[in-house]
Structure formats: structure tokens, C-alpha cells
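Colleague: Coordinates in input_21.pdb, PDB, C-alpha atoms, are listed below.
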```pdb
MODEL        1
ATOM      1  CA  MET M  21     200.881  88.831  34.236
ATOM      2  CA  ASN M  22     199.205  92.200  34.610
ATOM      3  CA  SER M  23     198.659  92.935  38.321
ATOM      4  CA  ASP M  24     195.480  94.851  37.404
ATOM      5  CA  SER M  25     193.809  91.818  35.793
ATOM      6  CA  HIS M  26     190.756  90.506  37.560
ATOM      7  CA  ALA M  27     190.613  87.005  39.044
ATOM      8  CA  PRO M  28     188.252  84.557  37.313
ATOM      9  CA  LEU M  29     184.769  84.275  38.787
ATOM     10  CA  GLY M  30     185.292  80.614  39.654
ATOM     11  CA  LEU M  31     188.409  81.461  41.685
ATOM     12  CA  LYS M  32     186.526  84.176  43.580
ATOM     13  CA  VAL M  33     183.680  81.774  44.379
ATOM     14  CA  ALA M  34     186.135  79.100  45.547
ATOM     15  CA  ALA M  35     187.972  81.599  47.754
ATOM     16  CA  PHE M  36     184.710  82.839  49.256
ATOM     17  CA  ALA M  37     183.540  79.246  49.901
ATOM     18  CA  GLY M  38     186.819  78.419  51.618
ATOM     19  CA  LEU M  39     186.605  81.489  53.857
ATOM     20  CA  LEU M  40     182.974  80.710  54.678
ATOM     21  CA  PHE M  41     183.879  77.139  55.615
ATOM     22  CA  MET M  42     186.612  78.356  57.987
ATOM     23  CA  LEU M  43     184.862  81.363  59.512
ATOM     24  CA  ALA M  44     181.245  80.231  59.856
ATOM     25  CA  PRO M  45     181.932  78.188  63.035
ATOM     26  CA  LEU M  46     183.604  81.233  64.594
ATOM     27  CA  ALA M  47     180.581  83.351  63.728
ATOM     28  CA  LEU M  48     178.348  80.803  65.485
ATOM     29  CA  ILE M  49     180.452  81.120  68.651
ATOM     30  CA  PHE M  50     179.899  84.882  68.625
ATOM     31  CA  LEU M  51     176.175  84.433  67.999
ATOM     32  CA  TYR M  52     175.607  81.873  70.747
ATOM     33  CA  ALA M  53     177.447  84.077  73.232
ATOM     34  CA  PHE M  54     174.328  86.296  73.060
ATOM     35  CA  SER M  55     171.769  83.464  73.142
ATOM     36  CA  THR M  56     169.116  83.451  75.849
ATOM     37  CA  GLU M  57     169.126  79.631  75.866
ATOM     38  CA  GLU M  58     171.466  78.306  78.566
ATOM     39  CA  ARG M  59     171.645  74.543  78.086
ATOM     40  CA  THR M  60     171.243  73.727  74.400
ATOM     41  CA  TYR M  61     172.132  75.073  70.987
ATOM     42  CA  GLN M  62     169.035  75.986  68.993
ATOM     43  CA  TRP M  63     168.915  77.387  65.480
ATOM     44  CA  PRO M  64     167.979  80.098  65.230
ATOM     45  CA  PRO M  65     168.645  81.196  68.818
ATOM     46  CA  PRO M  66     165.369  81.865  70.661
ATOM     47  CA  GLY M  67     166.544  85.330  71.686
ATOM     48  CA  LEU M  68     169.535  87.561  72.322
ATOM     49  CA  THR M  69     170.842  88.906  75.615
ATOM     50  CA  LEU M  70     173.936  90.488  77.158
ATOM     51  CA  LYS M  71     173.559  88.795  80.548
ATOM     52  CA  TRP M  72     176.217  86.157  79.842
ATOM     53  CA  PHE M  73     178.876  88.828  79.521
ATOM     54  CA  GLU M  74     178.054  89.992  83.026
ATOM     55  CA  ALA M  75     178.001  86.369  84.213
ATOM     56  CA  ALA M  76     181.453  85.746  82.722
ATOM     57  CA  TRP M  77     182.758  88.977  84.262
ATOM     58  CA  ASN M  78     181.599  87.862  87.704
ATOM     59  CA  ARG M  79     183.014  84.332  87.518
ATOM     60  CA  PRO M  80     186.238  84.176  89.614
ATOM     61  CA  ASP M  81     187.291  80.911  87.941
ATOM     62  CA  VAL M  82     187.320  82.682  84.569
ATOM     63  CA  TRP M  83     189.553  85.456  85.919
ATOM     64  CA  GLN M  84     191.920  82.942  87.533
ATOM     65  CA  ALA M  85     192.271  80.999  84.294
ATOM     66  CA  LEU M  86     192.667  84.193  82.238
ATOM     67  CA  THR M  87     195.329  85.559  84.596
ATOM     68  CA  LEU M  88     197.268  82.300  84.462
ATOM     69  CA  SER M  89     197.124  82.196  80.660
ATOM     70  CA  VAL M  90     198.369  85.780  80.329
ATOM     71  CA  GLN M  91     201.206  85.175  82.802
ATOM     72  CA  VAL M  92     202.296  81.956  81.112
ATOM     73  CA  ALA M  93     202.107  83.460  77.618
ATOM     74  CA  SER M  94     204.041  86.577  78.660
ATOM     75  CA  ILE M  95     206.919  84.739  80.347
ATOM     76  CA  SER M  96     207.075  82.083  77.612
ATOM     77  CA  THR M  97     207.288  84.844  75.008
ATOM     78  CA  VAL M  98     210.157  86.594  76.818
ATOM     79  CA  ILE M  99     212.091  83.315  77.065
ATOM     80  CA  ALA M 100     211.414  82.608  73.401
ATOM     81  CA  LEU M 101     212.558  86.081  72.340
ATOM     82  CA  VAL M 102     215.899  85.721  74.118
ATOM     83  CA  LEU M 103     216.704  82.126  73.165
ATOM     84  CA  GLY M 104     215.175  82.262  69.682
ATOM     85  CA  THR M 105     217.127  85.404  68.779
ATOM     86  CA  LEU M 106     220.406  83.993  70.086
ATOM     87  CA  VAL M 107     220.000  80.750  68.133
ATOM     88  CA  ALA M 108     218.999  82.655  64.994
ATOM     89  CA  ALA M 109     222.069  84.902  65.310
ATOM     90  CA  ALA M 110     224.373  81.891  65.706
ATOM     91  CA  VAL M 111     222.869  79.930  62.826
ATOM     92  CA  SER M 112     222.709  82.811  60.346
ATOM     93  CA  GLY M 113     225.869  84.647  61.357
ATOM     94  CA  THR M 114     228.447  81.854  61.449
ATOM     95  CA  LYS M 115     229.266  78.600  59.680
ATOM     96  CA  PHE M 116     230.059  75.539  61.767
ATOM     97  CA  PHE M 117     229.695  71.774  61.648
ATOM     98  CA  GLY M 118     226.126  70.663  62.451
ATOM     99  CA  ARG M 119     224.527  74.049  61.801
ATOM    100  CA  GLU M 120     221.682  72.594  59.721
ATOM    101  CA  THR M 121     221.112  69.883  62.315
ATOM    102  CA  ILE M 122     220.726  72.504  65.036
ATOM    103  CA  SER M 123     218.286  74.424  62.849
ATOM    104  CA  LEU M 124     216.238  71.258  62.340
ATOM    105  CA  LEU M 125     216.221  70.444  66.054
ATOM    106  CA  VAL M 126     215.024  73.954  66.920
ATOM    107  CA  ILE M 127     212.100  73.675  64.487
ATOM    108  CA  LEU M 128     211.214  70.093  65.487
ATOM    109  CA  PRO M 129     208.939  70.854  68.498
ATOM    110  CA  ILE M 130     206.416  72.726  66.372
ATOM    111  CA  ALA M 131     206.618  70.169  63.543
ATOM    112  CA  LEU M 132     205.827  67.242  65.836
ATOM    113  CA  PRO M 133     202.248  66.569  66.995
ATOM    114  CA  GLY M 134     201.531  68.392  70.248
ATOM    115  CA  ILE M 135     200.733  65.145  72.035
ATOM    116  CA  ILE M 136     204.262  63.869  71.306
ATOM    117  CA  THR M 137     205.796  67.026  72.741
ATOM    118  CA  GLY M 138     203.480  66.833  75.757
ATOM    119  CA  ILE M 139     204.267  63.201  76.528
ATOM    120  CA  SER M 140     207.998  63.834  76.122
ATOM    121  CA  LEU M 141     207.933  66.792  78.501
ATOM    122  CA  ARG M 142     205.835  64.947  81.052
ATOM    123  CA  SER M 143     208.225  61.968  80.974
ATOM    124  CA  ALA M 144     211.222  64.279  81.356
ATOM    125  CA  PHE M 145     209.666  66.110  84.319
ATOM    126  CA  ASN M 146     208.820  62.784  85.971
ATOM    127  CA  LEU M 147     212.346  61.436  85.487
ATOM    128  CA  MET M 148     213.858  64.596  86.955
ATOM    129  CA  GLU M 149     211.228  64.595  89.738
ATOM    130  CA  ILE M 150     210.110  68.111  88.856
ATOM    131  CA  PRO M 151     206.627  68.781  90.293
ATOM    132  CA  PHE M 152     204.052  70.063  87.843
ATOM    133  CA  SER M 153     203.494  73.753  88.407
ATOM    134  CA  PHE M 154     203.302  77.175  86.819
ATOM    135  CA  TRP M 155     206.900  76.820  85.630
ATOM    136  CA  THR M 156     206.437  73.454  83.947
ATOM    137  CA  ILE M 157     203.667  75.012  81.839
ATOM    138  CA  ILE M 158     206.057  77.803  80.858
ATOM    139  CA  LEU M 159     208.816  75.356  79.930
ATOM    140  CA  GLY M 160     206.360  73.414  77.809
ATOM    141  CA  HIS M 161     205.115  76.498  75.991
ATOM    142  CA  ALA M 162     208.612  77.898  75.480
ATOM    143  CA  THR M 163     209.572  74.819  73.435
ATOM    144  CA  PHE M 164     207.312  75.825  70.548
ATOM    145  CA  CYS M 165     207.351  79.598  71.141
ATOM    146  CA  ILE M 166     211.102  79.590  70.485
ATOM    147  CA  VAL M 167     210.436  78.163  67.026
ATOM    148  CA  VAL M 168     208.177  81.066  66.051
ATOM    149  CA  VAL M 169     210.688  83.690  67.162
ATOM    150  CA  TYR M 170     213.562  81.767  65.581
ATOM    151  CA  ASN M 171     211.839  81.549  62.195
ATOM    152  CA  ASN M 172     211.143  85.291  62.125
ATOM    153  CA  ALA M 173     214.587  86.271  63.373
ATOM    154  CA  VAL M 174     216.615  83.949  61.141
ATOM    155  CA  ALA M 175     214.705  85.110  58.058
ATOM    156  CA  ARG M 176     215.461  88.732  58.900
ATOM    157  CA  PHE M 177     219.110  87.971  59.707
ATOM    158  CA  ARG M 178     219.536  86.363  56.290
ATOM    159  CA  ARG M 179     218.128  89.458  54.565
ATOM    160  CA  LEU M 180     220.335  91.806  56.564
ATOM    161  CA  HIS M 181     223.288  92.902  54.459
ATOM    162  CA  GLY M 182     226.650  92.157  56.028
ATOM    163  CA  SER M 183     227.968  95.426  54.620
ATOM    164  CA  LEU M 184     225.912  97.328  57.231
ATOM    165  CA  VAL M 185     227.684  95.545  60.079
ATOM    166  CA  GLU M 186     231.069  95.944  58.403
ATOM    167  CA  ALA M 187     230.462  99.669  57.907
ATOM    168  CA  ALA M 188     229.570 100.094  61.577
ATOM    169  CA  MET M 189     232.733  98.286  62.621
ATOM    170  CA  ASP M 190     234.834 100.394  60.251
ATOM    171  CA  LEU M 191     233.393 103.525  61.848
ATOM    172  CA  GLY M 192     234.575 102.397  65.281
ATOM    173  CA  ALA M 193     231.467 100.763  66.745
ATOM    174  CA  ASP M 194     232.051  97.840  69.087
ATOM    175  CA  GLY M 195     229.909  94.696  69.102
ATOM    176  CA  PHE M 196     227.275  96.051  71.473
ATOM    177  CA  GLN M 197     226.964  99.361  69.629
ATOM    178  CA  THR M 198     226.644  97.543  66.304
ATOM    179  CA  PHE M 199     223.907  95.345  67.713
ATOM    180  CA  ARG M 200     222.046  98.276  69.283
ATOM    181  CA  HIS M 201     222.244 100.788  66.436
ATOM    182  CA  VAL M 202     222.400  98.563  63.320
ATOM    183  CA  ILE M 203     221.157  95.028  63.913
ATOM    184  CA  LEU M 204     218.352  95.646  66.428
ATOM    185  CA  PRO M 205     216.559  98.394  64.421
ATOM    186  CA  ASN M 206     216.461  96.094  61.389
ATOM    187  CA  LEU M 207     215.519  93.098  63.527
ATOM    188  CA  GLY M 208     212.983  94.897  65.722
ATOM    189  CA  THR M 209     209.798  94.355  63.700
ATOM    190  CA  ALA M 210     210.645  90.687  63.110
ATOM    191  CA  LEU M 211     211.145  90.133  66.839
ATOM    192  CA  LEU M 212     207.965  92.014  67.676
ATOM    193  CA  ALA M 213     206.036  89.945  65.149
ATOM    194  CA  GLY M 214     207.588  86.725  66.444
ATOM    195  CA  GLY M 215     206.790  87.714  70.013
ATOM    196  CA  MET M 216     203.163  88.416  69.146
ATOM    197  CA  LEU M 217     202.791  85.103  67.365
ATOM    198  CA  ALA M 218     204.443  83.300  70.280
ATOM    199  CA  PHE M 219     202.080  84.986  72.743
ATOM    200  CA  ALA M 220     199.042  84.008  70.642
ATOM    201  CA  LEU M 221     200.208  80.385  70.349
ATOM    202  CA  SER M 222     200.891  80.124  74.059
ATOM    203  CA  PHE M 223     197.645  81.810  75.066
ATOM    204  CA  ASP M 224     195.413  79.285  73.287
ATOM    205  CA  GLU M 225     197.559  76.130  73.652
ATOM    206  CA  VAL M 226     195.760  73.041  74.994
ATOM    207  CA  ILE M 227     197.574  69.766  74.306
ATOM    208  CA  VAL M 228     201.027  70.491  75.765
ATOM    209  CA  THR M 229     199.382  72.304  78.686
ATOM    210  CA  THR M 230     197.309  69.217  79.493
ATOM    211  CA  PHE M 231     200.492  67.200  80.064
ATOM    212  CA  THR M 232     202.438  69.867  81.964
ATOM    213  CA  ALA M 233     199.894  71.797  84.044
ATOM    214  CA  GLY M 234     199.147  69.457  86.908
ATOM    215  CA  GLN M 235     196.083  70.813  88.731
ATOM    216  CA  GLN M 236     196.250  74.323  87.265
ATOM    217  CA  GLN M 237     193.881  75.576  84.577
ATOM    218  CA  THR M 238     194.785  77.961  81.813
ATOM    219  CA  LEU M 239     191.887  79.541  79.951
ATOM    220  CA  PRO M 240     191.774  76.947  77.123
ATOM    221  CA  ILE M 241     191.857  74.116  79.687
ATOM    222  CA  TRP M 242     189.040  75.839  81.583
ATOM    223  CA  MET M 243     187.021  75.993  78.358
ATOM    224  CA  LEU M 244     187.619  72.313  77.698
ATOM    225  CA  GLU M 245     186.401  71.427  81.192
ATOM    226  CA  GLU M 246     183.318  73.612  80.745
ATOM    227  CA  LEU M 247     182.448  71.919  77.463
ATOM    228  CA  ILE M 248     182.645  68.507  79.131
ATOM    229  CA  ARG M 249     180.726  69.514  82.269
ATOM    230  CA  PRO M 250     178.965  72.782  81.407
ATOM    231  CA  ARG M 251     177.439  75.017  84.043
ATOM    232  CA  GLN M 252     176.574  77.998  81.892
ATOM    233  CA  ARG M 253     177.242  77.097  78.268
ATOM    234  CA  PRO M 254     176.911  80.653  76.863
ATOM    235  CA  VAL M 255     179.626  81.813  79.293
ATOM    236  CA  THR M 256     181.980  79.407  77.527
ATOM    237  CA  ASN M 257     181.101  81.066  74.230
ATOM    238  CA  VAL M 258     181.778  84.495  75.729
ATOM    239  CA  VAL M 259     185.202  83.312  76.886
ATOM    240  CA  ALA M 260     185.808  81.761  73.459
ATOM    241  CA  MET M 261     185.149  85.182  71.948
ATOM    242  CA  VAL M 262     187.868  86.642  74.162
ATOM    243  CA  VAL M 263     190.309  83.909  73.121
ATOM    244  CA  ILE M 264     189.563  84.497  69.428
ATOM    245  CA  ILE M 265     190.112  88.243  69.760
ATOM    246  CA  VAL M 266     193.256  87.928  71.897
ATOM    247  CA  THR M 267     194.671  85.408  69.413
ATOM    248  CA  PHE M 268     193.616  87.206  66.239
ATOM    249  CA  LEU M 269     194.898  90.689  67.030
ATOM    250  CA  PRO M 270     198.575  89.712  67.622
ATOM    251  CA  ILE M 271     198.551  87.556  64.486
ATOM    252  CA  LEU M 272     197.130  90.413  62.420
ATOM    253  CA  ALA M 273     199.654  92.860  63.875
ATOM    254  CA  ALA M 274     202.489  90.387  63.248
ATOM    255  CA  PHE M 275     201.423  90.064  59.609
ATOM    256  CA  TYR M 276     201.594  93.807  59.010
ATOM    257  CA  LEU M 277     204.819  94.214  60.978
ATOM    258  CA  THR M 278     206.560  91.461  59.041
ATOM    259  CA  ARG M 279     205.348  92.813  55.708
ATOM    260  CA  GLY M 280     206.581  96.311  56.546
ATOM    261  CA  GLY M 281     209.853  94.939  57.922
ATOM    262  CA  GLU M 282     210.701  93.205  54.658
ATOM    263  CA  GLN M 283     210.428  96.502  52.812
ATOM    264  CA  SER M 284     212.568  98.359  55.365
ATOM    265  CA  VAL M 285     215.358  95.771  55.234
ATOM    266  CA  ALA M 286     215.320  95.802  51.448
ATOM    267  CA  GLY M 287     215.583  99.563  51.515
ATOM    268  CA  ALA M 288     218.396  99.502  54.052
ATOM    269  CA  GLY M 289     220.467  97.210  51.888
ATOM    270  CA  LYS M 290     220.328  99.440  48.807
TER     271      LYS M 290
ENDMDL
END
```
Could I get this structure in the form of C-alpha cells?
Modeller:
Amino acid sequence: MNSDSHAPLGLKVAAFAGLLFMLAPLALIFLYAFSTEERTYQWPPPGLTLKWFEAAWNRPDVWQALTLSVQVASISTVIALVLGTLVAAAVSGTKFFGRETISLLVILPIALPGIITGISLRSAFNLMEIPFSFWTIILGHATFCIVVVYNNAVARFRRLHGSLVEAAMDLGADGFQTFRHVILPNLGTALLAGGMLAFALSFDEVIVTTFTAGQQQTLPIWMLEELIRPRQRPVTNVVAMVVIIVTFLPILAAFYLTRGGEQSVAGAGK
């Protein structure tokens, strides 16, 4: 098929309708963040104002929840990068009995419903008498963050030509030098993309956090509480805008990094 051919009009309309269906609710969140009405949602909004941004900025509970979310997402991402990369290297670099089973078990936490993962973690923490705290949230988030890093890393490992590693060894490089100068440069964009996706997933996670947080509130949990018992409803929309932006930017960057990384690996193997 000619790549220059135009898509049929019906396909364009269907694609536009699908995008509108997905993005219109997000646009409403942005709009109501500027609404002058505090308690209810009116259409169209009676007026627009910037005062809710100042109100959100001056709310200490928002800053506490935001700080906790950033800390949890950052540490969970670091754990996921280390463990996900190690598992990906083992699965893609060697053949052993049960390799496919291990790969399935690594992917399982993100394939299962979040409530199943949350209940399982909560039961495990109770059995081991581990008090719910900052670290139990991190352990919960790391379970699915590892999957994201693993998927990116194992895909890149499988596209990495073994001849590059063999050539480095033939030239006298030891294992660490080979990893630093050959494997890591080719793996770097995949790990960066996986880390960004892991951070975004952790930052806006609700279900697993509900079962592992105890009395602490991450930003999504704070938003859920505010929707149930609102004090200043537009402030919740302002915070939702922040969550959308913080989540969207790493995903967008990961998309471009992964796309560019595929081309660089293909070029390296020629």
C-alpha cells in the first residue's frame, strides 16, 4: 500500500469521534478548574477565574499529598529500574528451565485487576505484621512498576545483536566494561522510557495505594477524598490538571524515546 495514500473520510471521522470521546472529559476538568462556581457543575460555567490556582497553592494538604506521591513514585521507579533490568537481562540473555514461567510471573501483577493485587499485598503485610507506612506504599507500587521496566528492557535486549557483546569481549573488555560501553548505551533509552512510564503509573495509582497506605494520602487518594467530601471543588480540578500533566509528559517522552531507540538499535546491528 502506498504510504502517501489518504485515509478514507469515514476512518478519519471515526478516529476523530474516538479521540473526542476520550479527551472531552479531560477538557471539562481543565475548564472547571477556572470556574467561578464553587459547589456545583454548571454548563456553561457562570464565569472564569484564576483564584482556585492560588487556593490550591496555599493548601498545605495538597502539598503534603503531592510530596508523598513524588517521593513514592521516585523510589518505586528506582527499585523497578534495578530489578526490572536484572530480570530482563536474565530472561533474554540465558536459557534455563522455567524461563517462560518467570516471565509470566513478572508480568502478572499488571495483568491482574488492581484490587486483587491490593488485597494480596494487604494480606501479606498483615501476616508478616508489617505496619502500613510509606514503605508499604512503595512495595505495592514497585510490583507493577517492575513490569513496565521489564517489558521495555527485555524488548531492547532481544533486539540487541549478540555480535556486539562478542566483539567487545574479543577486544579485551570485561563484563563490566561490556555492560557500560556496549549494553547500557543501547539499553539507555528503553530504561529511561520504562522509568518514565513507571513514574507516571505510580504517581496516579489509586487502588493498590488504598490497600497499602494506611493513614497516609498520596495525591490521587487526596483527590478521591475531596470528591467524596468536597471543600473547594474547583481546587480538586486544579489538582487533577497537575496529575494529567505530570502523567502525560513522561508518557509522551517515553513514546518518542522508545521510537528513537528502536532505530538506533537497528542501526547498531547493521
Colleague: Care to translate the PyMOL selection byres ((chain M and resi 46) around 12) into actual residues of this file, as a VMD selection string?
Modeller: chain M and resid 39 to 45 47 to 53 257 to 258 260 to 265 268
Colleague: Give the answer as one residue: which of M:Leu103, M:Ile158, M:Ala85, M:Ile135 has the shortest atom-to-atom distance to Leu244 of chain M, using only C-alpha atoms?
Modeller: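 Between M:Leu103, M:Ile158, M:Ala85, M:Ile135, the residue approaching Leu244 of chain M most closely is M:Ala85.
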Colleague: So what do you get for atom CA of Ala76 of chain M versus atom CA of Trp155 of chain M, distance-wise?
Modeller: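 Separation of atom CA of Ala76 of chain M and atom CA of Trp155 of chain M: 27.1 Å.
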Colleague: Atom CA of Leu132 of chain M and atom CA of Gln235 of chain M, how far apart in Å?
Modeller: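 Distance reported for this atom pair: 25.1 Å.
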Colleague: Let me know the residues the PyMOL selection byres ((chain M and resi 234) around 10) catches in the file above, as a VMD selection string.
Modeller: chain M and resid 142 151 to 154 156 to 157 229 to 233 235 to 237
Colleague: Closest to Ala131 of chain M among M:Val168, M:Leu68, M:Thr256, M:Ala220, using all atoms listed in the file?
Modeller: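 Ranked by minimum distance to Ala131 of chain M, first place goes to M:Val168.
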Colleague: Would you kindly return, as a PDB file with C-alpha atoms, in the frame of the given file, each protein, DNA or RNA residue with an atom no farther than 9 Å from any atom of segment 222-228 of chain M, considering only C-alpha atoms and excluding same-chain residues fewer than 3 positions away?
Modeller:
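What ended up in around-v1.pdb:
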```pdb
ATOM      1  CA  SER M  89     197.124  82.196  80.660  1.00  0.00           C
ATOM      2  CA  VAL M  90     198.369  85.780  80.329  1.00  0.00           C
ATOM      3  CA  VAL M  92     202.296  81.956  81.112  1.00  0.00           C
ATOM      4  CA  ALA M  93     202.107  83.460  77.618  1.00  0.00           C
ATOM      5  CA  SER M  94     204.041  86.577  78.660  1.00  0.00           C
ATOM      6  CA  SER M  96     207.075  82.083  77.612  1.00  0.00           C
ATOM      7  CA  THR M  97     207.288  84.844  75.008  1.00  0.00           C
ATOM      8  CA  GLY M 134     201.531  68.392  70.248  1.00  0.00           C
ATOM      9  CA  ILE M 135     200.733  65.145  72.035  1.00  0.00           C
ATOM     10  CA  ILE M 136     204.262  63.869  71.306  1.00  0.00           C
ATOM     11  CA  THR M 137     205.796  67.026  72.741  1.00  0.00           C
ATOM     12  CA  GLY M 138     203.480  66.833  75.757  1.00  0.00           C
ATOM     13  CA  ILE M 139     204.267  63.201  76.528  1.00  0.00           C
ATOM     14  CA  LEU M 141     207.933  66.792  78.501  1.00  0.00           C
ATOM     15  CA  ILE M 157     203.667  75.012  81.839  1.00  0.00           C
ATOM     16  CA  ILE M 158     206.057  77.803  80.858  1.00  0.00           C
ATOM     17  CA  GLY M 160     206.360  73.414  77.809  1.00  0.00           C
ATOM     18  CA  HIS M 161     205.115  76.498  75.991  1.00  0.00           C
ATOM     19  CA  ALA M 162     208.612  77.898  75.480  1.00  0.00           C
ATOM     20  CA  PHE M 164     207.312  75.825  70.548  1.00  0.00           C
ATOM     21  CA  CYS M 165     207.351  79.598  71.141  1.00  0.00           C
ATOM     22  CA  LEU M 217     202.791  85.103  67.365  1.00  0.00           C
ATOM     23  CA  ALA M 218     204.443  83.300  70.280  1.00  0.00           C
ATOM     24  CA  PHE M 219     202.080  84.986  72.743  1.00  0.00           C
ATOM     25  CA  PHE M 231     200.492  67.200  80.064  1.00  0.00           C
ATOM     26  CA  THR M 232     202.438  69.867  81.964  1.00  0.00           C
ATOM     27  CA  ALA M 233     199.894  71.797  84.044  1.00  0.00           C
ATOM     28  CA  THR M 238     194.785  77.961  81.813  1.00  0.00           C
ATOM     29  CA  LEU M 239     191.887  79.541  79.951  1.00  0.00           C
ATOM     30  CA  PRO M 240     191.774  76.947  77.123  1.00  0.00           C
ATOM     31  CA  ILE M 241     191.857  74.116  79.687  1.00  0.00           C
ATOM     32  CA  LEU M 244     187.619  72.313  77.698  1.00  0.00           C
ATOM     33  CA  VAL M 263     190.309  83.909  73.121  1.00  0.00           C
ATOM     34  CA  ILE M 264     189.563  84.497  69.428  1.00  0.00           C
ATOM     35  CA  VAL M 266     193.256  87.928  71.897  1.00  0.00           C
ATOM     36  CA  THR M 267     194.671  85.408  69.413  1.00  0.00           C
TER      37      THR M 267
END
```
Colleague: Mind listing as an NGL selection string all residues within 8 Å of (215.4, 80.2, 63.8), counting only C-alpha atoms?
Modeller: :M and (104-105 or 107-108 or 111 or 123 or 126-127 or 166-175)
Colleague: For C-alpha atoms, I'd like the residues from the last selection saved as a PDB file, in the frame of the given file.
Modeller:
```pdb
ATOM      1  CA  GLY M 104     215.175  82.262  69.682  1.00  0.00           C
ATOM      2  CA  THR M 105     217.127  85.404  68.779  1.00  0.00           C
ATOM      3  CA  VAL M 107     220.000  80.750  68.133  1.00  0.00           C
ATOM      4  CA  ALA M 108     218.999  82.655  64.994  1.00  0.00           C
ATOM      5  CA  VAL M 111     222.869  79.930  62.826  1.00  0.00           C
ATOM      6  CA  SER M 123     218.286  74.424  62.849  1.00  0.00           C
ATOM      7  CA  VAL M 126     215.024  73.954  66.920  1.00  0.00           C
ATOM      8  CA  ILE M 127     212.100  73.675  64.487  1.00  0.00           C
ATOM      9  CA  ILE M 166     211.102  79.590  70.485  1.00  0.00           C
ATOM     10  CA  VAL M 167     210.436  78.163  67.026  1.00  0.00           C
ATOM     11  CA  VAL M 168     208.177  81.066  66.051  1.00  0.00           C
ATOM     12  CA  VAL M 169     210.688  83.690  67.162  1.00  0.00           C
ATOM     13  CA  TYR M 170     213.562  81.767  65.581  1.00  0.00           C
ATOM     14  CA  ASN M 171     211.839  81.549  62.195  1.00  0.00           C
ATOM     15  CA  ASN M 172     211.143  85.291  62.125  1.00  0.00           C
ATOM     16  CA  ALA M 173     214.587  86.271  63.373  1.00  0.00           C
ATOM     17  CA  VAL M 174     216.615  83.949  61.141  1.00  0.00           C
ATOM     18  CA  ALA M 175     214.705  85.110  58.058  1.00  0.00           C
TER      19      ALA M 175
END
```
Colleague: To one decimal place, how far is atom CA of Val259 of chain M from atom CA of Leu88 of chain M in Å?
Modeller: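 Taking atom CA of Val259 of chain M and atom CA of Leu88 of chain M, their separation equals 14.3 Å.
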Colleague: Considering all atoms listed in the file, state which residue in the set M:Leu211, M:Leu147, M:Ser140, M:Pro28 is at the smallest distance from Val102 of chain M.
Modeller: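 For Val102 of chain M, the nearest of the candidates is M:Leu211.
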Colleague: Starting from the incomplete input, reconstruct N, CA and C atoms of segment 211-225 of chain M and report them as a compact mmCIF listing (two decimals), in the coordinates of the input.
Modeller:
```txt
# COMPACT_ATOMS: atom_id res chain seq x y z
N LEU M 211 211.25 90.64 65.47
CA LEU M 211 211.14 90.13 66.84
C LEU M 211 209.78 90.46 67.44
N LEU M 212 209.28 91.66 67.17
CA LEU M 212 207.96 92.01 67.68
C LEU M 212 206.88 91.11 67.08
N ALA M 213 206.99 90.85 65.79
CA ALA M 213 206.04 89.94 65.15
C ALA M 213 206.16 88.54 65.71
N GLY M 214 207.39 88.05 65.87
CA GLY M 214 207.59 86.72 66.44
C GLY M 214 207.08 86.63 67.87
N GLY M 215 207.29 87.70 68.65
CA GLY M 215 206.79 87.71 70.01
C GLY M 215 205.27 87.68 70.07
N MET M 216 204.62 88.42 69.18
CA MET M 216 203.16 88.42 69.15
C MET M 216 202.60 87.05 68.76
N LEU M 217 203.23 86.44 67.76
CA LEU M 217 202.79 85.10 67.36
C LEU M 217 203.02 84.09 68.49
N ALA M 218 204.15 84.21 69.17
CA ALA M 218 204.44 83.30 70.28
C ALA M 218 203.42 83.47 71.39
N PHE M 219 203.08 84.73 71.70
CA PHE M 219 202.08 84.99 72.74
C PHE M 219 200.74 84.37 72.36
N ALA M 220 200.33 84.55 71.09
CA ALA M 220 199.04 84.01 70.64
C ALA M 220 199.04 82.49 70.72
N LEU M 221 200.14 81.85 70.30
CA LEU M 221 200.21 80.39 70.35
C LEU M 221 200.15 79.88 71.78
N SER M 222 200.88 80.54 72.67
CA SER M 222 200.89 80.12 74.06
C SER M 222 199.54 80.34 74.72
N PHE M 223 198.90 81.45 74.41
CA PHE M 223 197.64 81.81 75.07
C PHE M 223 196.55 80.78 74.81
N ASP M 224 196.51 80.21 73.60
CA ASP M 224 195.41 79.28 73.29
C ASP M 224 195.87 77.83 73.18
N GLU M 225 197.04 77.50 73.74
CA GLU M 225 197.56 76.13 73.65
C GLU M 225 196.83 75.21 74.63
```
